[in-house]
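**Q** You'll find coords.cif just under this line, and it carries mmCIF, C-alpha atoms and all ligand atoms.
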data_protein
loop_
_atom_site.label_atom_id
_atom_site.label_comp_id
_atom_site.auth_asym_id
_atom_site.auth_seq_id
_atom_site.Cartn_x
_atom_site.Cartn_y
_atom_site.Cartn_z
CA MET A 1 112.97 105.76 49.60
CA LEU A 2 110.87 108.37 51.28
CA TYR A 3 113.83 110.05 52.95
CA ARG A 4 115.90 110.22 49.79
CA SER A 5 113.25 111.82 47.66
CA ALA A 6 111.83 114.04 50.37
CA SER A 7 112.30 117.78 50.54
CA LYS A 8 114.06 119.21 53.59
CA GLU A 9 110.75 120.09 55.32
CA ARG A 10 109.36 116.66 54.68
CA LEU A 11 112.54 115.14 56.05
CA PHE A 12 112.14 117.09 59.30
CA LEU A 13 108.54 116.04 59.56
CA CYS A 14 109.48 112.36 59.19
CA TYR A 15 112.15 112.68 61.86
CA SER A 16 109.75 114.41 64.13
CA ILE A 17 107.10 111.65 63.79
CA HIS A 18 109.78 109.03 64.27
CA MET A 19 111.02 110.72 67.45
CA ARG A 20 107.54 111.10 68.87
CA THR A 21 106.82 107.41 68.36
CA LYS A 22 110.14 106.55 69.96
CA LEU A 23 109.41 108.71 72.99
CA LEU A 24 105.92 107.25 73.46
CA ASN A 25 107.20 103.67 73.21
CA LEU A 26 109.85 104.51 75.72
CA LYS A 27 107.26 105.92 78.08
CA ASN A 28 105.07 102.80 77.88
CA GLN A 29 108.02 100.53 78.44
CA ALA A 30 109.22 102.62 81.43
CA LEU A 31 105.77 102.70 83.05
CA ALA A 32 105.37 98.93 82.75
CA LEU A 33 108.79 98.28 84.31
CA ILE A 34 108.15 100.78 87.11
CA ARG A 35 104.86 99.12 88.01
CA GLU A 36 106.65 95.80 88.35
CA ALA A 37 109.56 97.15 90.45
CA GLU A 38 109.79 95.30 93.75
CA ASN A 39 111.89 97.73 95.82
CA LYS A 40 113.46 101.20 96.10
CA LYS A 41 116.73 100.06 94.59
CA GLU A 42 115.06 98.85 91.41
CA LEU A 43 113.13 102.10 91.16
CA GLU A 44 116.29 104.20 91.49
CA HIS A 45 117.93 102.09 88.85
CA LEU A 46 115.01 102.70 86.49
CA ARG A 47 115.06 106.43 87.22
CA ILE A 48 118.72 106.66 86.22
CA GLN A 49 118.12 104.46 83.19
CA TYR A 50 115.39 106.72 81.82
CA LEU A 51 115.78 110.18 83.36
CA GLY A 52 119.51 110.30 84.23
CA ARG A 53 121.98 112.60 82.44
CA LYS A 54 123.08 109.72 80.25
CA GLY A 55 119.60 108.18 80.37
CA GLN A 56 117.55 107.02 77.42
CA ILE A 57 115.49 110.19 77.04
CA ASN A 58 118.56 112.38 76.78
CA GLN A 59 120.08 109.94 74.31
CA ILE A 60 117.06 110.33 72.06
CA LEU A 61 117.10 114.10 72.31
CA LYS A 62 120.78 114.23 71.42
CA SER A 63 120.18 112.30 68.25
CA ILE A 64 117.75 114.91 66.89
CA PRO A 65 119.24 116.88 64.06
CA GLY A 66 118.58 120.59 63.68
CA LEU A 67 114.82 120.72 63.49
CA ASP A 68 112.96 123.95 62.81
CA ASP A 69 111.73 125.87 65.84
CA GLU A 70 108.13 124.80 65.74
CA GLU A 71 108.99 121.09 65.59
CA LYS A 72 111.61 121.52 68.31
CA GLN A 73 109.04 123.12 70.57
CA LYS A 74 106.50 120.34 70.01
CA LEU A 75 109.10 117.66 70.67
CA GLY A 76 110.35 119.51 73.74
CA GLN A 77 106.83 119.61 75.15
CA LEU A 78 106.35 115.90 74.54
CA THR A 79 109.70 115.10 76.18
CA ASN A 80 108.64 117.04 79.27
CA ASP A 81 105.31 115.21 79.40
CA VAL A 82 107.06 111.85 79.16
CA LYS A 83 109.52 112.83 81.89
CA THR A 84 106.72 113.97 84.19
CA ALA A 85 104.74 110.78 83.58
CA ILE A 86 107.79 108.66 84.44
CA GLU A 87 108.59 110.70 87.56
CA GLN A 88 104.98 110.47 88.68
CA ALA A 89 104.90 106.70 88.11
CA ILE A 90 108.09 106.29 90.19
CA LYS A 91 106.52 108.29 93.01
CA THR A 92 103.28 106.32 92.95
CA GLN A 93 105.13 103.01 92.93
CA GLN A 94 107.31 104.17 95.83
CA GLN A 95 104.22 104.97 97.87
CA SER A 96 102.53 101.67 97.09
CA LEU A 97 105.75 99.78 97.97
CA GLN A 98 105.80 101.50 101.34
CA LYS A 99 102.22 100.43 102.02
CA ARG A 100 102.80 96.84 100.96
CA PRO A 101 103.47 94.44 103.86
CA LYS A 102 106.99 93.08 103.74
CA LYS A 103 107.23 89.56 102.40
CA THR A 104 108.90 87.68 105.18
CA TRP A 105 108.11 84.08 104.29
CA PHE A 106 106.10 82.11 101.80
CA ASP A 107 104.24 78.96 102.78
CA VAL A 108 104.93 76.54 99.95
CA THR A 109 102.60 73.96 101.51
CA ALA A 110 99.51 76.24 101.50
CA PRO A 111 96.79 74.83 99.23
CA GLY A 112 96.51 76.57 95.86
CA LYS A 113 93.46 78.46 94.71
CA LEU A 114 91.17 76.12 92.81
CA PRO A 115 89.54 77.48 89.66
CA PRO A 116 85.75 77.64 90.05
CA GLN A 117 84.17 74.35 89.08
CA GLY A 118 80.96 74.13 87.08
CA HIS A 119 78.37 71.38 87.32
CA LEU A 120 75.99 69.52 85.09
CA HIS A 121 72.84 71.30 83.97
CA PRO A 122 69.91 70.39 86.28
CA ILE A 123 68.19 68.51 83.45
CA SER A 124 71.34 66.45 82.80
CA GLN A 125 71.44 65.74 86.55
CA ALA A 126 67.80 64.63 86.44
CA ILE A 127 68.48 62.39 83.42
CA GLU A 128 71.37 60.76 85.31
CA GLU A 129 69.18 60.25 88.37
CA VAL A 130 66.28 58.73 86.42
CA THR A 131 68.72 56.43 84.60
CA ARG A 132 70.30 55.21 87.87
CA ILE A 133 66.86 54.58 89.43
CA PHE A 134 65.71 52.36 86.56
CA GLU A 135 69.08 50.66 86.09
CA ARG A 136 68.81 49.40 89.67
CA ILE A 137 65.76 47.33 88.67
CA GLY A 138 67.24 45.99 85.47
CA PHE A 139 66.28 48.55 82.81
CA THR A 140 68.77 49.36 80.05
CA ARG A 141 69.14 52.95 78.89
CA VAL A 142 68.89 53.37 75.13
CA ARG A 143 68.60 56.31 72.75
CA TYR A 144 66.68 56.38 69.53
CA PRO A 145 66.54 58.98 66.74
CA GLU A 146 65.12 62.38 67.59
CA VAL A 147 64.18 62.89 63.94
CA ASP A 148 62.28 59.75 63.02
CA TRP A 149 59.87 58.24 60.53
CA ASP A 150 56.13 58.67 60.93
CA TRP A 151 56.00 54.85 61.10
CA TYR A 152 57.85 54.66 64.45
CA VAL A 153 56.32 57.82 65.95
CA PHE A 154 52.67 57.17 64.96
CA GLU A 155 51.73 54.46 62.47
CA SER A 156 53.33 51.44 64.21
CA LEU A 157 51.87 52.73 67.49
CA ASN A 158 48.37 52.04 66.20
CA MET A 159 47.79 55.59 64.98
CA PRO A 160 46.94 55.43 61.28
CA ALA A 161 47.21 58.54 59.11
CA ASP A 162 44.26 60.89 59.61
CA HIS A 163 43.39 59.37 62.98
CA PRO A 164 42.20 62.19 65.27
CA ALA A 165 44.46 60.93 68.10
CA ARG A 166 47.37 62.42 66.17
CA ASP A 167 46.00 65.93 66.69
CA GLU A 168 47.11 65.94 70.33
CA TRP A 169 50.75 65.88 69.42
CA GLU A 170 51.38 69.29 67.79
CA THR A 171 53.87 67.62 65.47
CA ILE A 172 56.70 69.41 63.67
CA PHE A 173 57.17 67.73 60.26
CA ILE A 174 60.36 67.73 58.20
CA ASP A 175 59.87 69.27 54.79
CA ALA A 176 61.20 66.33 52.76
CA PRO A 177 59.58 63.78 50.44
CA PRO A 178 57.96 60.94 52.42
CA HIS A 179 59.32 57.39 52.39
CA LYS A 180 57.04 54.90 50.65
CA LYS A 181 56.58 52.66 53.69
CA MET A 182 57.81 54.79 56.60
CA GLY A 183 55.96 57.97 55.68
CA GLN A 184 57.17 61.45 56.50
CA MET A 185 60.03 62.43 58.78
CA VAL A 186 59.07 64.22 61.99
CA LEU A 187 60.79 65.70 65.01
CA THR A 188 59.87 63.09 67.60
CA THR A 189 56.85 64.22 69.59
CA HIS A 190 57.35 61.53 72.23
CA THR A 191 59.90 58.85 73.14
CA SER A 192 57.33 56.15 72.33
CA ASN A 193 59.04 55.90 68.92
CA GLY A 194 61.57 53.76 70.85
CA GLN A 195 59.00 51.03 71.55
CA VAL A 196 58.90 49.32 68.15
CA ARG A 197 62.56 50.17 67.50
CA GLU A 198 63.54 48.37 70.73
CA MET A 199 61.40 45.33 69.85
CA GLU A 200 63.16 45.18 66.47
CA ARG A 201 66.59 45.49 68.14
CA VAL A 202 66.08 42.92 70.92
CA LYS A 203 63.91 40.61 68.73
CA LYS A 204 63.05 38.24 71.59
CA PRO A 205 61.63 39.32 74.97
CA PRO A 206 62.44 39.95 77.79
CA ILE A 207 62.71 43.68 77.17
CA ARG A 208 63.34 46.27 79.87
CA MET A 209 64.03 49.49 78.05
CA LEU A 210 64.51 53.05 79.27
CA ASN A 211 64.56 55.45 76.34
CA ILE A 212 65.48 59.03 77.22
CA GLY A 213 65.52 61.60 74.45
CA LYS A 214 64.58 65.04 73.24
CA CYS A 215 61.03 65.64 72.05
CA TYR A 216 59.58 68.54 70.10
CA ARG A 217 56.09 69.99 69.98
CA ARG A 218 54.59 73.25 68.81
CA GLN A 219 54.05 74.65 72.31
CA GLN A 220 55.50 77.32 74.59
CA ASP A 221 54.31 78.54 77.99
CA ARG A 222 55.19 78.37 81.69
CA THR A 223 54.93 74.58 81.81
CA HIS A 224 55.87 73.71 78.18
CA THR A 225 58.88 74.29 75.94
CA VAL A 226 59.23 73.47 72.23
CA MET A 227 62.09 71.10 73.05
CA PHE A 228 61.88 68.98 76.17
CA HIS A 229 63.03 65.55 77.35
CA GLN A 230 60.95 62.46 77.92
CA PHE A 231 61.74 59.09 79.38
CA GLU A 232 59.96 56.02 78.20
CA GLY A 233 59.86 52.70 79.96
CA LEU A 234 58.97 49.50 78.12
CA VAL A 235 58.79 46.03 79.63
CA VAL A 236 57.81 43.01 77.52
CA ASP A 237 57.88 39.49 78.89
CA LYS A 238 55.59 36.58 79.70
CA ASN A 239 52.52 37.39 81.88
CA ILE A 240 53.23 41.07 82.39
CA GLY A 241 50.23 42.88 83.88
CA ILE A 242 49.06 46.04 85.62
CA PRO A 243 50.53 45.11 89.06
CA HIS A 244 54.02 45.16 87.47
CA LEU A 245 53.36 48.62 86.08
CA LYS A 246 51.95 49.95 89.36
CA GLY A 247 54.85 48.48 91.36
CA THR A 248 57.36 50.13 89.01
CA LEU A 249 55.60 53.50 89.25
CA ASP A 250 55.52 53.37 93.07
CA TYR A 251 59.18 52.40 93.13
CA PHE A 252 60.05 55.40 90.94
CA ALA A 253 57.93 57.75 93.09
CA ARG A 254 59.76 56.70 96.26
CA GLU A 255 63.23 56.87 94.72
CA PHE A 256 62.75 60.19 92.92
CA TYR A 257 60.49 62.12 95.29
CA GLY A 258 61.18 60.52 98.68
CA PRO A 259 59.91 57.60 100.81
CA GLN A 260 56.46 59.17 101.39
CA ALA A 261 55.63 59.60 97.68
CA LYS A 262 53.10 57.37 95.95
CA SER A 263 51.76 56.94 92.43
CA ARG A 264 48.17 56.85 91.25
CA ILE A 265 46.79 55.62 87.92
CA ARG A 266 43.53 56.83 86.36
CA PRO A 267 41.79 55.49 83.24
CA SER A 268 42.77 57.25 80.04
CA ASN A 269 43.15 56.62 76.35
CA PHE A 270 46.26 56.15 74.23
CA ARG A 271 46.14 54.31 70.93
CA PHE A 272 49.27 52.29 71.76
CA THR A 273 48.23 50.97 75.17
CA GLU A 274 45.16 49.03 76.26
CA PRO A 275 44.10 49.68 78.96
CA SER A 276 45.64 53.15 79.26
CA PHE A 277 46.24 55.35 82.30
CA GLU A 278 47.18 58.82 83.37
CA VAL A 279 49.94 58.69 85.99
CA ASP A 280 49.90 61.01 89.02
CA PHE A 281 52.41 61.39 91.86
CA THR A 282 51.80 62.70 95.37
CA CYS A 283 52.39 66.46 95.65
CA THR A 284 55.67 66.88 97.53
CA HIS A 285 54.75 70.36 98.78
CA CYS A 286 51.84 69.18 100.93
CA SER A 287 52.64 65.43 101.06
CA GLY A 288 49.32 64.72 99.35
CA ARG A 289 47.08 66.72 101.71
CA GLY A 290 46.12 69.22 99.00
CA CYS A 291 47.55 72.72 98.62
CA LYS A 292 47.49 75.86 96.45
CA PHE A 293 50.07 74.32 94.15
CA CYS A 294 48.42 70.92 93.45
CA LYS A 295 44.77 71.56 94.49
CA SER A 296 44.12 67.80 94.85
CA GLY A 297 47.21 66.39 96.57
CA TRP A 298 48.36 64.89 93.25
CA HIS A 299 50.27 66.03 90.16
CA GLU A 300 49.63 64.51 86.77
CA VAL A 301 52.91 63.68 85.02
CA GLY A 302 52.31 61.38 82.07
CA GLY A 303 50.80 58.30 80.53
CA ALA A 304 51.11 54.54 80.82
CA GLY A 305 49.35 51.30 80.01
CA LEU A 306 49.67 47.75 78.79
CA VAL A 307 51.24 47.57 75.35
CA HIS A 308 48.55 47.25 72.66
CA PRO A 309 48.67 43.90 70.77
CA HIS A 310 48.93 45.81 67.45
CA VAL A 311 52.13 47.47 68.68
CA LEU A 312 53.65 44.14 69.74
CA LYS A 313 52.79 42.77 66.30
CA ALA A 314 54.35 45.79 64.57
CA GLY A 315 57.53 45.03 66.53
CA GLY A 316 57.48 41.34 65.50
CA ILE A 317 56.34 39.99 68.90
CA ASN A 318 53.51 37.49 69.28
CA PRO A 319 50.86 39.09 71.58
CA LYS A 320 49.51 35.64 72.45
CA LYS A 321 52.81 34.70 74.05
CA HIS A 322 54.02 37.99 75.44
CA SER A 323 52.58 41.09 77.03
CA GLY A 324 54.06 44.29 78.34
CA PHE A 325 53.64 47.71 79.89
CA ALA A 326 54.89 51.11 78.87
CA PHE A 327 55.02 54.53 80.47
CA GLY A 328 56.41 57.88 79.49
CA TRP A 329 56.59 61.52 80.55
CA GLY A 330 58.71 64.65 80.68
CA ILE A 331 61.97 64.95 82.58
CA GLU A 332 61.47 68.72 83.03
CA ARG A 333 57.99 68.27 84.48
CA SER A 334 59.08 65.46 86.84
CA TYR A 335 62.11 67.45 87.96
CA THR A 336 60.26 70.67 88.76
CA LEU A 337 57.87 68.75 91.01
CA LYS A 338 60.71 67.64 93.30
CA PRO A 339 60.48 68.80 96.93
CA ARG A 340 61.66 72.36 97.68
CA LEU A 341 62.56 73.25 94.08
CA ASN A 342 59.72 75.71 93.51
CA ILE A 343 60.43 76.22 89.80
CA ASP A 344 57.18 77.64 88.48
CA ASP A 345 58.39 78.37 84.93
CA ILE A 346 60.29 75.56 83.20
CA ARG A 347 61.52 77.95 80.49
CA LEU A 348 63.99 79.24 83.10
CA LEU A 349 65.84 75.93 82.81
CA TYR A 350 66.79 76.86 79.24
CA SER A 351 67.47 80.53 79.86
CA SER A 352 71.29 80.12 80.23
CA ASN A 353 70.95 82.38 83.26
CA LEU A 354 73.81 81.28 85.52
CA GLU A 355 72.37 83.05 88.57
CA PHE A 356 69.40 80.71 88.26
CA LEU A 357 71.25 77.55 87.14
CA ASN A 358 74.01 77.76 89.77
CA GLN A 359 71.45 77.09 92.49
CA PHE A 360 71.14 73.44 91.52
N1 LIG A 401 53.81 58.95 74.68
C1 LIG A 401 52.79 59.42 75.56
C2 LIG A 401 52.86 60.97 75.62
O1 LIG A 401 53.80 61.54 75.17
C3 LIG A 401 52.95 58.85 76.95
C4 LIG A 401 52.81 57.37 77.02
C5 LIG A 401 53.94 56.59 76.97
C6 LIG A 401 51.56 56.80 77.17
C7 LIG A 401 53.82 55.19 77.03
C8 LIG A 401 51.45 55.45 77.26
C9 LIG A 401 52.55 54.64 77.19
O2 LIG A 401 51.96 61.59 76.14
#
Take the structure from the file and write it as structure tokens.
Ligand code: PHE
**A**
Amino acid sequence: MLYRSASKERLFLCYSIHMRTKLLNLKNQALALIREAENKKELEHLRIQYLGRKGQINQILKSIPGLDDEEKQKLGQLTNDVKTAIEQAIKTQQQSLQKRPKKTWFDVTAPGKLPPQGHLHPISQAIEEVTRIFERIGFTRVRYPEVDWDWYVFESLNMPADHPARDEWETIFIDAPPHKKMGQMVLTTHTSNGQVREMERVKKPPIRMLNIGKCYRRQQDRTHTVMFHQFEGLVVDKNIGIPHLKGTLDYFAREFYGPQAKSRIRPSNFRFTEPSFEVDFTCTHCSGRGCKFCKSGWHEVGGAGLVHPHVLKAGGINPKKHSGFAFGWGIERSYTLKPRLNIDDIRLLYSSNLEFLNQF
């Protein structure tokens, strides 16, 4: 359509643009083929194909109708540039072929190059390790909701609404109408929400639960992140007492931190355990002697205690027949205390910085 209705000048202009595009395409094609040429013979063949008397460039030029002088000059200039570029490429390729060692033989049995392999994030590795340690003594790994009702996170754990003990938890509430019985929805502040849920699931003791999940609190500094992981142990059976708890904590210390590591429990207060304890582990940097890092030879990691009778009741278990212990603390915190890790800012674990993460 354009050609038919175009004036003579316009027609020349169209031809000229068409020719220029053709020449540039030809150049790109030639350069690519030249770069792939494997030997002198192939290069000579390409030279004839593009630059020879009957070569493609001359063919194009021959097909140009009588253009006006200015257009002819422009096209002539472009043709020369294309020719020079092709000649230059042939020369460069010739030189690089001369430098290249001759391929004499190819070892088909040589092992291939393996693509780089990634690995699990250090926290996923720690979760796996903690799971294996507790599975060996009969615990079952479970997961409970990370957005849960107030009832499971607080109320059923002996923390009524408005009780000051709730203040410790820096809770993030979901902005939705509360349930009549279950209360408001919250981002779980601890994995203790699994305690009553597990009692409801199992119904009859024995229970040996390991609940690992994400927890959320309004906090952020070198040793705290808004999202972190906790693991929660719960054992309910007949005649369960403090020695069972202490034995389990010592077992974990040895398995996770090494044969020298020990646990220590100190009196504390949680609404859902009675008595309650803070749990410390030997500092792995100084083997408990006391150093700059730990000051006392111990690191505090979390809480534990004997399950409060009100909690057993909330889970449908008769506290006169059964008793239990529970413990819980952060995966990140436990992991960074491992020997020789020296991670002094746990936020680095979530920085997506591969230089940092690839070390583990
Ligand atoms: N849930 C408590 C916390 O997050 C720890 C804890 C777990 C204490 C189980 C006692 C028993 O601090």
**Q** Compute the set of protein, DNA and RNA residues whose minimum atom distance to ligand LIG 401 (chain A) is at most 6 Å, using only C-alpha atoms and all ligand atoms, and state it as an mmCIF file with C-alpha atoms, in the coordinates of the input.
**A**
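Result file out-v6.cif:
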data_model
loop_
_atom_site.group_PDB
_atom_site.id
_atom_site.type_symbol
_atom_site.label_atom_id
_atom_site.label_comp_id
_atom_site.auth_asym_id
_atom_site.auth_seq_id
_atom_site.Cartn_x
_atom_site.Cartn_y
_atom_site.Cartn_z
ATOM 1 C CA HIS A 190 57.350 61.530 72.230
ATOM 2 C CA SER A 192 57.330 56.150 72.330
ATOM 3 C CA THR A 273 48.230 50.970 75.170
ATOM 4 C CA GLY A 302 52.310 61.380 82.070
ATOM 5 C CA GLY A 303 50.800 58.300 80.530
ATOM 6 C CA ALA A 304 51.110 54.540 80.820
ATOM 7 C CA GLY A 305 49.350 51.300 80.010
ATOM 8 C CA ALA A 326 54.890 51.110 78.870
ATOM 9 C CA PHE A 327 55.020 54.530 80.470
ATOM 10 C CA GLY A 328 56.410 57.880 79.490
ATOM 11 C CA TRP A 329 56.590 61.520 80.550
#
**Q** Hey, which of A:Ile207, A:Leu349, A:Ala110, A:Ile123 ends up closest to Thr140 in chain A? Count only C-alpha atoms.
**A**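 Answer, going by the shortest atom-to-atom distance: A:Ile207.
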**Q** Between A:His285, A:Lys74, A:Lys62, A:Arg201, which one has atoms that come closest to Asn342 in chain A, using all atoms listed in the file?
**A**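 That would be A:His285, the residue with the smallest distance to Asn342 in chain A.
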**Q** Could you pull out every residue with an atom within 12 Å of (101.9, 108.0, 74.4), file coordinates, counting only C-alpha atoms, and send them as a PyMOL selection string?
**A** chain A and resi 19-31+78-79+81-83+85-86
**Q** Using only C-alpha atoms, I'd like a table of the residues in range 233-344 of chain A that come within 9 Å of range 148-169 of chain A; for each, show the closest atom pair and its distance in Å rounded to one decimal, ordered by chain and ascending number, as a Markdown table.
**A**
| residue | atom | partner | partner_atom | distance |
| --- | --- | --- | --- | --- |
| A:Phe270 | CA | A:Ala165 | CA | 8.0 |
| A:Arg271 | CA | A:Asn158 | CA | 5.7 |
| A:Phe272 | CA | A:Leu157 | CA | 5.0 |
| A:Thr273 | CA | A:Leu157 | CA | 8.7 |
| A:His308 | CA | A:Asn158 | CA | 8.0 |
| A:His310 | CA | A:Asn158 | CA | 6.4 |
| A:Val311 | CA | A:Leu157 | CA | 5.4 |
| A:Lys313 | CA | A:Ser156 | CA | 8.9 |
| A:Ala314 | CA | A:Ser156 | CA | 5.8 |
| A:Gly315 | CA | A:Ser156 | CA | 8.0 |
**Q** Keeping C-alpha atoms for every residue in the selection just given, could you write it to a file as an mmCIF file, keeping the file's coordinate frame?
**A**
data_model
loop_
_atom_site.group_PDB
_atom_site.id
_atom_site.type_symbol
_atom_site.label_atom_id
_atom_site.label_comp_id
_atom_site.auth_asym_id
_atom_site.auth_seq_id
_atom_site.Cartn_x
_atom_site.Cartn_y
_atom_site.Cartn_z
ATOM 1 C CA PHE A 270 46.260 56.150 74.230
ATOM 2 C CA ARG A 271 46.140 54.310 70.930
ATOM 3 C CA PHE A 272 49.270 52.290 71.760
ATOM 4 C CA THR A 273 48.230 50.970 75.170
ATOM 5 C CA HIS A 308 48.550 47.250 72.660
ATOM 6 C CA HIS A 310 48.930 45.810 67.450
ATOM 7 C CA VAL A 311 52.130 47.470 68.680
ATOM 8 C CA LYS A 313 52.790 42.770 66.300
ATOM 9 C CA ALA A 314 54.350 45.790 64.570
ATOM 10 C CA GLY A 315 57.530 45.030 66.530
#
**Q** For a quick check of understanding, using all atoms listed in the file, which of A:Ile240, A:Arg333, A:Glu355, A:Trp105 has the smallest distance to Asp280 in chain A?
**A**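 Checking each of A:Ile240, A:Arg333, A:Glu355, A:Trp105 against Asp280 in chain A, counting all atoms listed in the file, the winner is A:Arg333.
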**Q** Please report, as a tab-separated table, each residue of range 149-240 of chain A lying at most 10 Å from range 131-135 of chain A, together with the nearest pair of atoms and the separation in Å rounded to one decimal; use only C-alpha atoms, and order rows by chain and ascending residue number.
**A**
residue	atom	partner	partner_atom	distance
A:Arg208	CA	A:Phe134	CA	9.4
A:Met209	CA	A:Phe134	CA	9.1
A:Leu210	CA	A:Phe134	CA	7.4
A:Asn211	CA	A:Thr131	CA	9.3
A:Ile212	CA	A:Thr131	CA	8.5
A:Phe231	CA	A:Thr131	CA	9.1
A:Gly233	CA	A:Phe134	CA	8.8
**Q** I need the residues from that last selection saved to file as a PDB file, in the frame of the given file (with C-alpha atoms), if you can.
**A**
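Result file out21.pdb:
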ATOM      1  CA  ARG A 208      63.340  46.270  79.870  1.00  0.00           C
ATOM      2  CA  MET A 209      64.030  49.490  78.050  1.00  0.00           C
ATOM      3  CA  LEU A 210      64.510  53.050  79.270  1.00  0.00           C
ATOM      4  CA  ASN A 211      64.560  55.450  76.340  1.00  0.00           C
ATOM      5  CA  ILE A 212      65.480  59.030  77.220  1.00  0.00           C
ATOM      6  CA  PHE A 231      61.740  59.090  79.380  1.00  0.00           C
ATOM      7  CA  GLY A 233      59.860  52.700  79.960  1.00  0.00           C
TER       8      GLY A 233
END
**Q** Which of these, A:Val235, A:Val202, A:Ile265, A:Val147, has the shortest distance to Tyr216 in chain A once you count only C-alpha atoms?
**A**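 Among the listed residues, the smallest separation from Tyr216 in chain A belongs to A:Val147.
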**Q** With a distance cut-off of 12 Å and only C-alpha atoms, select the neighbouring residues of Phe293 in chain A, excluding the residue or stretch itself and same-chain residues fewer than 3 positions from it, and output the selection as a list in words.
**A**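 The filter keeps Thr282, Cys283, Thr284, His285, Cys286, Ser287, Gly288, Arg289, Gly290, Ser296, Gly297, Trp298, His299, Leu337, Asn342, Ile343 and Asp344 of chain A.
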**Q** When distances are computed from all atoms listed in the file, which of A:Val236, A:Leu357, A:Ala253, A:Val301 shows the smallest separation from Phe139 in chain A?
**A** A:Val236
**Q** With all atoms listed in the file as the atoms that count, which of A:Glu146, A:Glu129, A:Glu71, A:Asp221 lies nearest to Asn193 in chain A?
**A**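 Between A:Glu146, A:Glu129, A:Glu71, A:Asp221, the residue approaching Asn193 in chain A most closely is A:Glu146.
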**Q** For a test of reading the model, state the distance in Å between CA of Tyr335 in chain A and CA of Gln359 in chain A, rounded to one decimal.
**A** 14.2 Å
**Q** List the spatial neighbours of Leu354 in chain A as a VMD selection string - criterion: any atom at most 12 Å away, all atoms listed in the file, same-chain residues fewer than 3 positions off excluded.
**A** chain A and resid 118 to 122 348 to 351 357 to 360
**Q** May I have the residues within 12 Å of Lys41 in chain A as a list of chain:residue names, using all atoms listed in the file and disregarding those fewer than 6 positions away in the same chain?
**A**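 Answer for this query is A:Ile34, A:Arg47, A:Ile48, A:Ile90, A:Gln94, A:Leu97.
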**Q** Compile the contact shell of Ile174 in chain A as a ChimeraX atom specification: residues with an atom at most 10 Å away, counting only C-alpha atoms, same-chain residues fewer than 3 positions apart removed.
**A** /A:147-149,171,177-178,184-187
**Q** How would the residues just chosen look if you wrote them out with C-alpha atoms as a short mmCIF file (atom, residue, chain, number, x, y, z; two decimals), in the frame of the given file?
**A**
data_model
loop_
_atom_site.label_atom_id
_atom_site.label_comp_id
_atom_site.auth_asym_id
_atom_site.auth_seq_id
_atom_site.Cartn_x
_atom_site.Cartn_y
_atom_site.Cartn_z
CA VAL A 147 64.18 62.89 63.94
CA ASP A 148 62.28 59.75 63.02
CA TRP A 149 59.87 58.24 60.53
CA THR A 171 53.87 67.62 65.47
CA PRO A 177 59.58 63.78 50.44
CA PRO A 178 57.96 60.94 52.42
CA GLN A 184 57.17 61.45 56.50
CA MET A 185 60.03 62.43 58.78
CA VAL A 186 59.07 64.22 61.99
CA LEU A 187 60.79 65.70 65.01
#
**Q** Rounded to one decimal in Å, what is the spacing between CA of Asp250 in chain A and CA of Lys262 in chain A?
**A**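 Between CA of Asp250 in chain A and CA of Lys262 in chain A the gap works out to 5.5 Å.
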**Q** Produce range 331-340 of chain A of the given structure as output with N, CA and C atoms, as a PDB file, in the first residue's frame.
**A**
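The resulting file, decode_5.pdb, is reproduced below:
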ATOM      1  N   ILE A 331      14.238 -21.669  68.793  1.00  0.00           N
ATOM      2  CA  ILE A 331      15.203 -22.413  67.973  1.00  0.00           C
ATOM      3  C   ILE A 331      16.400 -21.509  67.652  1.00  0.00           C
ATOM      4  N   GLU A 332      16.123 -20.257  67.261  1.00  0.00           N
ATOM      5  CA  GLU A 332      17.196 -19.331  66.877  1.00  0.00           C
ATOM      6  C   GLU A 332      18.183 -19.164  68.032  1.00  0.00           C
ATOM      7  N   ARG A 333      17.623 -18.915  69.206  1.00  0.00           N
ATOM      8  CA  ARG A 333      18.472 -18.680  70.389  1.00  0.00           C
ATOM      9  C   ARG A 333      19.309 -19.929  70.683  1.00  0.00           C
ATOM     10  N   SER A 334      18.670 -21.106  70.682  1.00  0.00           N
ATOM     11  CA  SER A 334      19.409 -22.337  70.983  1.00  0.00           C
ATOM     12  C   SER A 334      20.505 -22.555  69.955  1.00  0.00           C
ATOM     13  N   TYR A 335      20.181 -22.267  68.686  1.00  0.00           N
ATOM     14  CA  TYR A 335      21.127 -22.542  67.608  1.00  0.00           C
ATOM     15  C   TYR A 335      22.359 -21.644  67.708  1.00  0.00           C
ATOM     16  N   THR A 336      22.118 -20.346  67.986  1.00  0.00           N
ATOM     17  CA  THR A 336      23.261 -19.421  68.006  1.00  0.00           C
ATOM     18  C   THR A 336      24.187 -19.659  69.196  1.00  0.00           C
ATOM     19  N   LEU A 337      23.745 -20.453  70.163  1.00  0.00           N
ATOM     20  CA  LEU A 337      24.617 -20.753  71.302  1.00  0.00           C
ATOM     21  C   LEU A 337      25.478 -21.985  71.067  1.00  0.00           C
ATOM     22  N   LYS A 338      25.331 -22.597  69.891  1.00  0.00           N
ATOM     23  CA  LYS A 338      26.117 -23.813  69.601  1.00  0.00           C
ATOM     24  C   LYS A 338      27.605 -23.478  69.541  1.00  0.00           C
ATOM     25  N   PRO A 339      28.487 -24.475  69.849  1.00  0.00           N
ATOM     26  CA  PRO A 339      29.907 -24.183  69.867  1.00  0.00           C
ATOM     27  C   PRO A 339      30.406 -23.638  68.520  1.00  0.00           C
ATOM     28  N   ARG A 340      31.294 -22.691  68.560  1.00  0.00           N
ATOM     29  CA  ARG A 340      32.015 -22.139  67.411  1.00  0.00           C
ATOM     30  C   ARG A 340      31.153 -21.411  66.387  1.00  0.00           C
TER      31      ARG A 340
END
